[in-house]
Amino acid sequence: MLKKKLNIWMPTLVSLVFVAGLIVGYLVSGNNTNGFFGKKNNALQEVYNLVNNKYVDSLQTDSITGLAIDELLSHLDPHSVYIPPKYLASVNEEMEGGFYGLGVTFEVINDTINITRVLKDGPAFESGIEVGDKILMLNDTIKLHNKNLSDEAIRKYMRGPEGSTMKMQLVRNGKLVTQFSKRGLVPIPSIDAAYIIAPQTGYIKINKFAERTYEEFMQSLEELQKQKMDKLVLDLRGNGGGFLHAASAIADEFLDGDKMIVYTKGLHTDKEEYKCQKEGLYEKGKLVVLIDENSASASEILAGALQDWDRATIIGRRSFGKGLVQQQYNLSNGGALRLTIARYYSPLGRNIQKPYDKGLEEYEEDLDQRYFRGELTIADTSMPKGPSFKTAKGHIVYGGGGIMPDYFVPYDTTKIKSLATKLYYGNTLNKYAYNYYLQQKANLVGAKTVASIQKNIVVNNVNWSWIQQEAVKDSISYSSISEKEKQEVVLKIQAILSRQIINNSSYYEVLNTSDAIITKALEVLR
């Protein structure tokens with residue numbers, strides 16, 4: 001019985017031992033050479049030394065380290081995470097707002113890389129790479145076609161040091177072409193869209209809070225104000241968070257005086273307050289903030305501050321519920337640890353972290369459970385159980401499980417199984433839009449507005465036949481299609497092509513015309 005118990009617990013014990021020796025001691029003690037265990041060895045230190053020096057077989061330190069760290073962190077909270085060395089660069093690039101590469105998007109069709117979009121003014125654009133180019137070879141030695149490469153592997157080939165040159169063998173309009181292109185900075189924008197959505201009404205969609213988010217936001221806000229905007233829809237749906245300082249800086253643009261935006265505190269960290277520090281650019285105009293079940297962390301900080309001060313109307317569905325603050329520590333193996341060091345609190349003192357005392361698995365299944373409980377479709381089921389607080393205007397708000405919207409808009413469950421959704425995520429619509437663009441390029445390339453693109457896009461019976469054939473290839477059932485589904489498919493195609501021809505903002509400009517939460521927001525702002 002003892003042996004069976006040891007066999008069950010041995011992976012965990014070894015994991016904890018390795019973590020203690022390899023990482024936690026380093027983090028906690030800094031330059032203290034005695035490490036986590038202090039001057040005098042204890043049982044854990046002794047076991048670590050014995051395993052490290054006496055174990056019968058050699059140990060693959062990297063893989064064991066990763067497993068060990070994950071095991072330890074699984075006993076802490078859901079948001080303390082280990083980032084292995086091979087993923088750290090891409091994670092940092094996402095938050096730093098850019099990487100060095102070509103500035104193209106691609107689609108692998110028939111085992112060949114097809115350039116589907118060239119970012120305007122990016123390195124590829126400057127060197128003459130075109131939509132429709134097919135990449136066969138890099139630097140005369142790296143074959144890229146007929147190799148069944150993953151998207152991750154292809155991106156790795158495309159990226160590299162700033163200023164480094166890529167020699168590409170391409171197929172362009174049926175002919176072999178040699179193209180040289182220097183890698184340059186390719187921004188990863190935080191602002192998905194910014195445009196006038198209705199008379200004197202602006203719309204800004206933020207996808208994350210990264211290093212350059214505040215700068216991008218200010219540029220967007222100033223541009224909209226030049227167009228006489230006096231009402232704003234701020235869309236934080238699907239925004240999983242990011243840097244706290246970016247969210248608080250944006251909040252400062254909406255709140256006056258020296259109002260509290262958020263404060264943080266933890267067992268080993270002093271209380272830190274984030275307050276308004278300057279006159280904001282948009283302190284008076286009407287403001288609506290959109291959230292959903294995937295709005296988390298920094299998104300909730302921003303929405304919570306605006307709600308606590310009665311500054312904005314919140315529309316959508318209850319947010320994720322992440323009220324923990326992480327700090328990233330770089331590790332000697334090239335990886336990093338994002339460790340939860342504090343909780344954050346809204347101006348009224350509410351922490352919106354949802355419970356995680358029943359284990360990581362149940363915590364991660366919470367969003368699925370919200371769906372099965374009917375919470376995403378029926379407002380009454382989403383009432384929070386946390387402590388209540390009252391704003392200056394008598395508005396009751398809650399802690400303990402996300403931000404509750406002032407106006408609930410149910411999730412459209414029909415979209416989960418809709419043909420348009422399946423075709424989009426199965427990549428059928430992206431492939432169709434790419435081929436449509438190549439065929440109709442002469443008619444589309446001069447389009448400057450979403451209206452002109454929509455006018456020129458005609459989906460006829462021949463097109464539907466092509467989509468149906470591609471759907472079958474992607475294992476998507478296409479037995480019949482209703483008129484409503486047809487309209488949804490066409491709208492998605494128009495959105496994809498608008499992004500292709502004009503910019504990313506136009507993609508949302510198309511889709512927002514049939515968005516229930518957007519409709520409610522505009523109704524509230526009238």
# chains A, B, ... in the order shown; residues from 1 in each chain; ligands from 1
$ residues_around --residues "segment 325-327 of chain A" --least-positions-apart "3" --cutoff "6 Å" --atoms "only C-alpha atoms" --output "count of residues only"
6
$ select_by_dssp --residues "segment 436-509 of chain A" --states "alpha helix (DSSP H)" --output "ChimeraX atom specification"
/A:436-439,441-444,450-456,461-473,483-501,504-509
$ residues_around --residues "Thr264 of chain A" --least-positions-apart "4" --cutoff "9 Å" --atoms "only C-alpha atoms" --output "PyMOL selection string"
chain A and resi 269-274+324-325+342-345
$ atom_distance --atom1 "atom CA of Gln200 of chain A" --atom2 "atom CA of Glu216 of chain A"
20.7 Å
$ closest_residue --among "A:Asn239, A:Asn146, A:Asn114, A:Asn53" --to "Val171 of chain A" --atoms "only C-alpha atoms"
A:Asn114
$ select_by_dssp --residues "segment 235-476 of chain A" --states "strand (DSSP E or B)" --output "compact mmCIF listing (two decimals) with N, CA and C atoms, in the first residue's frame"
# COMPACT_ATOMS: atom_id res chain seq x y z
N ASP A 235 -15.31 49.37 -27.14
CA ASP A 235 -15.56 47.92 -27.22
C ASP A 235 -14.40 47.15 -26.60
N GLY A 242 -3.95 42.67 -20.04
CA GLY A 242 -2.59 43.08 -20.36
C GLY A 242 -2.03 43.95 -19.25
N MET A 260 -9.61 58.09 -7.94
CA MET A 260 -8.98 56.78 -7.89
C MET A 260 -9.42 55.95 -9.09
N ILE A 261 -8.48 55.28 -9.75
CA ILE A 261 -8.79 54.40 -10.87
C ILE A 261 -8.78 52.94 -10.41
N VAL A 262 -7.74 52.57 -9.68
CA VAL A 262 -7.60 51.21 -9.17
C VAL A 262 -6.51 51.22 -8.12
N TYR A 263 -6.56 50.29 -7.19
CA TYR A 263 -5.42 50.10 -6.29
C TYR A 263 -5.14 48.62 -6.14
N THR A 264 -3.86 48.31 -5.83
CA THR A 264 -3.44 46.92 -5.70
C THR A 264 -2.78 46.71 -4.34
N LYS A 265 -2.90 45.50 -3.83
CA LYS A 265 -2.18 45.15 -2.61
C LYS A 265 -2.08 43.64 -2.50
N GLY A 266 -0.99 43.20 -1.87
CA GLY A 266 -0.75 41.78 -1.66
C GLY A 266 0.01 41.55 -0.39
N THR A 269 3.50 42.82 -1.11
CA THR A 269 3.59 44.08 -1.87
C THR A 269 2.75 45.13 -1.18
N ASP A 270 3.30 46.33 -1.11
CA ASP A 270 2.59 47.44 -0.47
C ASP A 270 1.41 47.87 -1.33
N LYS A 271 0.46 48.51 -0.71
CA LYS A 271 -0.68 49.05 -1.44
C LYS A 271 -0.18 50.12 -2.41
N GLU A 272 -0.64 50.01 -3.66
CA GLU A 272 -0.26 50.99 -4.68
C GLU A 272 -1.53 51.54 -5.32
N GLU A 273 -1.64 52.86 -5.33
CA GLU A 273 -2.83 53.51 -5.85
C GLU A 273 -2.54 54.13 -7.23
N TYR A 274 -3.50 53.96 -8.14
CA TYR A 274 -3.43 54.58 -9.46
C TYR A 274 -4.56 55.60 -9.52
N LYS A 275 -4.18 56.89 -9.60
CA LYS A 275 -5.17 57.97 -9.64
C LYS A 275 -5.02 58.79 -10.92
N LYS A 286 -20.79 61.52 -23.82
CA LYS A 286 -21.46 60.26 -23.49
C LYS A 286 -20.54 59.08 -23.81
N LEU A 287 -20.61 58.06 -22.94
CA LEU A 287 -19.70 56.92 -23.07
C LEU A 287 -20.41 55.61 -22.77
N VAL A 288 -20.25 54.66 -23.66
CA VAL A 288 -20.76 53.29 -23.46
C VAL A 288 -19.58 52.33 -23.57
N VAL A 289 -19.49 51.37 -22.67
CA VAL A 289 -18.44 50.36 -22.70
C VAL A 289 -19.07 48.99 -22.91
N LEU A 290 -18.55 48.25 -23.88
CA LEU A 290 -19.06 46.92 -24.19
C LEU A 290 -18.15 45.85 -23.60
N ILE A 291 -18.74 44.89 -22.88
CA ILE A 291 -17.97 43.80 -22.31
C ILE A 291 -18.69 42.48 -22.57
N THR A 313 -21.95 53.80 -19.24
CA THR A 313 -22.97 52.75 -19.22
C THR A 313 -22.33 51.48 -19.75
N ILE A 314 -22.43 50.39 -18.99
CA ILE A 314 -21.81 49.12 -19.37
C ILE A 314 -22.87 48.23 -20.02
N ILE A 315 -22.57 47.72 -21.20
CA ILE A 315 -23.52 46.91 -21.97
C ILE A 315 -22.88 45.59 -22.39
N GLY A 316 -23.64 44.52 -22.30
CA GLY A 316 -23.13 43.21 -22.75
C GLY A 316 -23.48 42.11 -21.79
N LEU A 324 -6.63 39.48 -10.20
CA LEU A 324 -5.28 39.20 -9.70
C LEU A 324 -4.25 39.88 -10.58
N VAL A 325 -3.16 40.34 -9.96
CA VAL A 325 -2.09 41.06 -10.67
C VAL A 325 -0.87 40.16 -10.77
N GLN A 326 -0.32 40.02 -12.00
CA GLN A 326 0.88 39.22 -12.20
C GLN A 326 2.09 40.12 -12.50
N GLN A 327 3.24 39.65 -12.07
CA GLN A 327 4.51 40.29 -12.44
C GLN A 327 5.38 39.24 -13.11
N GLN A 328 6.05 39.63 -14.19
CA GLN A 328 6.88 38.67 -14.93
C GLN A 328 8.32 38.72 -14.45
N TYR A 329 8.87 37.53 -14.15
CA TYR A 329 10.26 37.38 -13.74
C TYR A 329 10.98 36.53 -14.79
N ASN A 330 12.05 37.06 -15.34
CA ASN A 330 12.84 36.28 -16.28
C ASN A 330 13.68 35.25 -15.54
N ALA A 336 10.31 32.38 -18.42
CA ALA A 336 9.85 33.42 -17.50
C ALA A 336 8.72 32.89 -16.65
N LEU A 337 8.53 33.51 -15.52
CA LEU A 337 7.43 33.18 -14.63
C LEU A 337 6.56 34.41 -14.44
N ARG A 338 5.28 34.28 -14.73
CA ARG A 338 4.33 35.33 -14.39
C ARG A 338 3.65 34.92 -13.10
N LEU A 339 4.03 35.59 -12.03
CA LEU A 339 3.60 35.21 -10.69
C LEU A 339 2.58 36.21 -10.16
N THR A 340 1.50 35.72 -9.62
CA THR A 340 0.50 36.59 -9.00
C THR A 340 1.08 37.18 -7.71
N ILE A 341 1.13 38.50 -7.64
CA ILE A 341 1.76 39.16 -6.49
C ILE A 341 0.78 40.03 -5.71
N ALA A 342 -0.41 40.29 -6.28
CA ALA A 342 -1.35 41.18 -5.59
C ALA A 342 -2.75 40.98 -6.16
N ARG A 343 -3.72 41.55 -5.47
CA ARG A 343 -5.08 41.66 -5.99
C ARG A 343 -5.33 43.13 -6.33
N TYR A 344 -6.18 43.36 -7.31
CA TYR A 344 -6.52 44.75 -7.59
C TYR A 344 -7.96 45.02 -7.16
N TYR A 345 -8.23 46.28 -6.82
CA TYR A 345 -9.52 46.69 -6.30
C TYR A 345 -10.00 47.94 -7.03
N SER A 388 -21.94 43.75 -2.32
CA SER A 388 -22.47 44.86 -3.11
C SER A 388 -21.88 46.18 -2.62
N PHE A 389 -21.83 47.14 -3.55
CA PHE A 389 -21.33 48.49 -3.26
C PHE A 389 -22.27 49.48 -3.94
N LYS A 390 -22.32 50.71 -3.40
CA LYS A 390 -23.20 51.71 -3.97
C LYS A 390 -22.38 52.89 -4.50
N ILE A 396 -26.10 50.18 -7.66
CA ILE A 396 -25.53 49.05 -6.93
C ILE A 396 -24.62 48.24 -7.87
N VAL A 397 -23.37 48.03 -7.44
CA VAL A 397 -22.42 47.23 -8.20
C VAL A 397 -21.88 46.13 -7.29
N TYR A 398 -21.26 45.12 -7.90
CA TYR A 398 -20.89 43.93 -7.14
C TYR A 398 -19.42 43.56 -7.36
N TYR A 407 -26.84 46.97 -18.89
CA TYR A 407 -27.81 46.41 -19.83
C TYR A 407 -27.28 45.06 -20.32
N PHE A 408 -28.07 44.03 -20.11
CA PHE A 408 -27.69 42.68 -20.52
C PHE A 408 -28.16 42.42 -21.96
$ residues_around --residues "Glu470 of chain A" --least-positions-apart "6" --cutoff "9 Å" --atoms "only C-alpha atoms" --output "list of chain:residue names"
A:Thr428, A:Leu429, A:Lys431, A:Tyr432, A:Ile476
$ write_last_selection --atoms "N, CA and C atoms" --output "PDB file, in the first residue's frame"
ATOM      1  N   THR A 428     -12.867  28.155 -44.835  1.00  0.00           N
ATOM      2  CA  THR A 428     -13.456  28.153 -46.173  1.00  0.00           C
ATOM      3  C   THR A 428     -13.689  29.577 -46.673  1.00  0.00           C
ATOM      4  N   LEU A 429     -14.217  30.446 -45.818  1.00  0.00           N
ATOM      5  CA  LEU A 429     -14.529  31.803 -46.248  1.00  0.00           C
ATOM      6  C   LEU A 429     -13.272  32.612 -46.540  1.00  0.00           C
ATOM      7  N   LYS A 431     -10.458  31.409 -47.705  1.00  0.00           N
ATOM      8  CA  LYS A 431      -9.969  30.942 -49.009  1.00  0.00           C
ATOM      9  C   LYS A 431     -10.836  31.481 -50.136  1.00  0.00           C
ATOM     10  N   TYR A 432     -12.153  31.498 -49.909  1.00  0.00           N
ATOM     11  CA  TYR A 432     -13.054  32.018 -50.930  1.00  0.00           C
ATOM     12  C   TYR A 432     -12.774  33.494 -51.185  1.00  0.00           C
ATOM     13  N   ILE A 476     -17.221  20.191 -43.647  1.00  0.00           N
ATOM     14  CA  ILE A 476     -18.351  20.973 -43.150  1.00  0.00           C
ATOM     15  C   ILE A 476     -19.599  20.577 -43.928  1.00  0.00           C
TER      16      ILE A 476
END
$ closest_residue --among "A:Asp57, A:Glu293, A:Glu107, A:Glu485" --to "Gln369 of chain A" --atoms "only C-alpha atoms"
A:Glu293
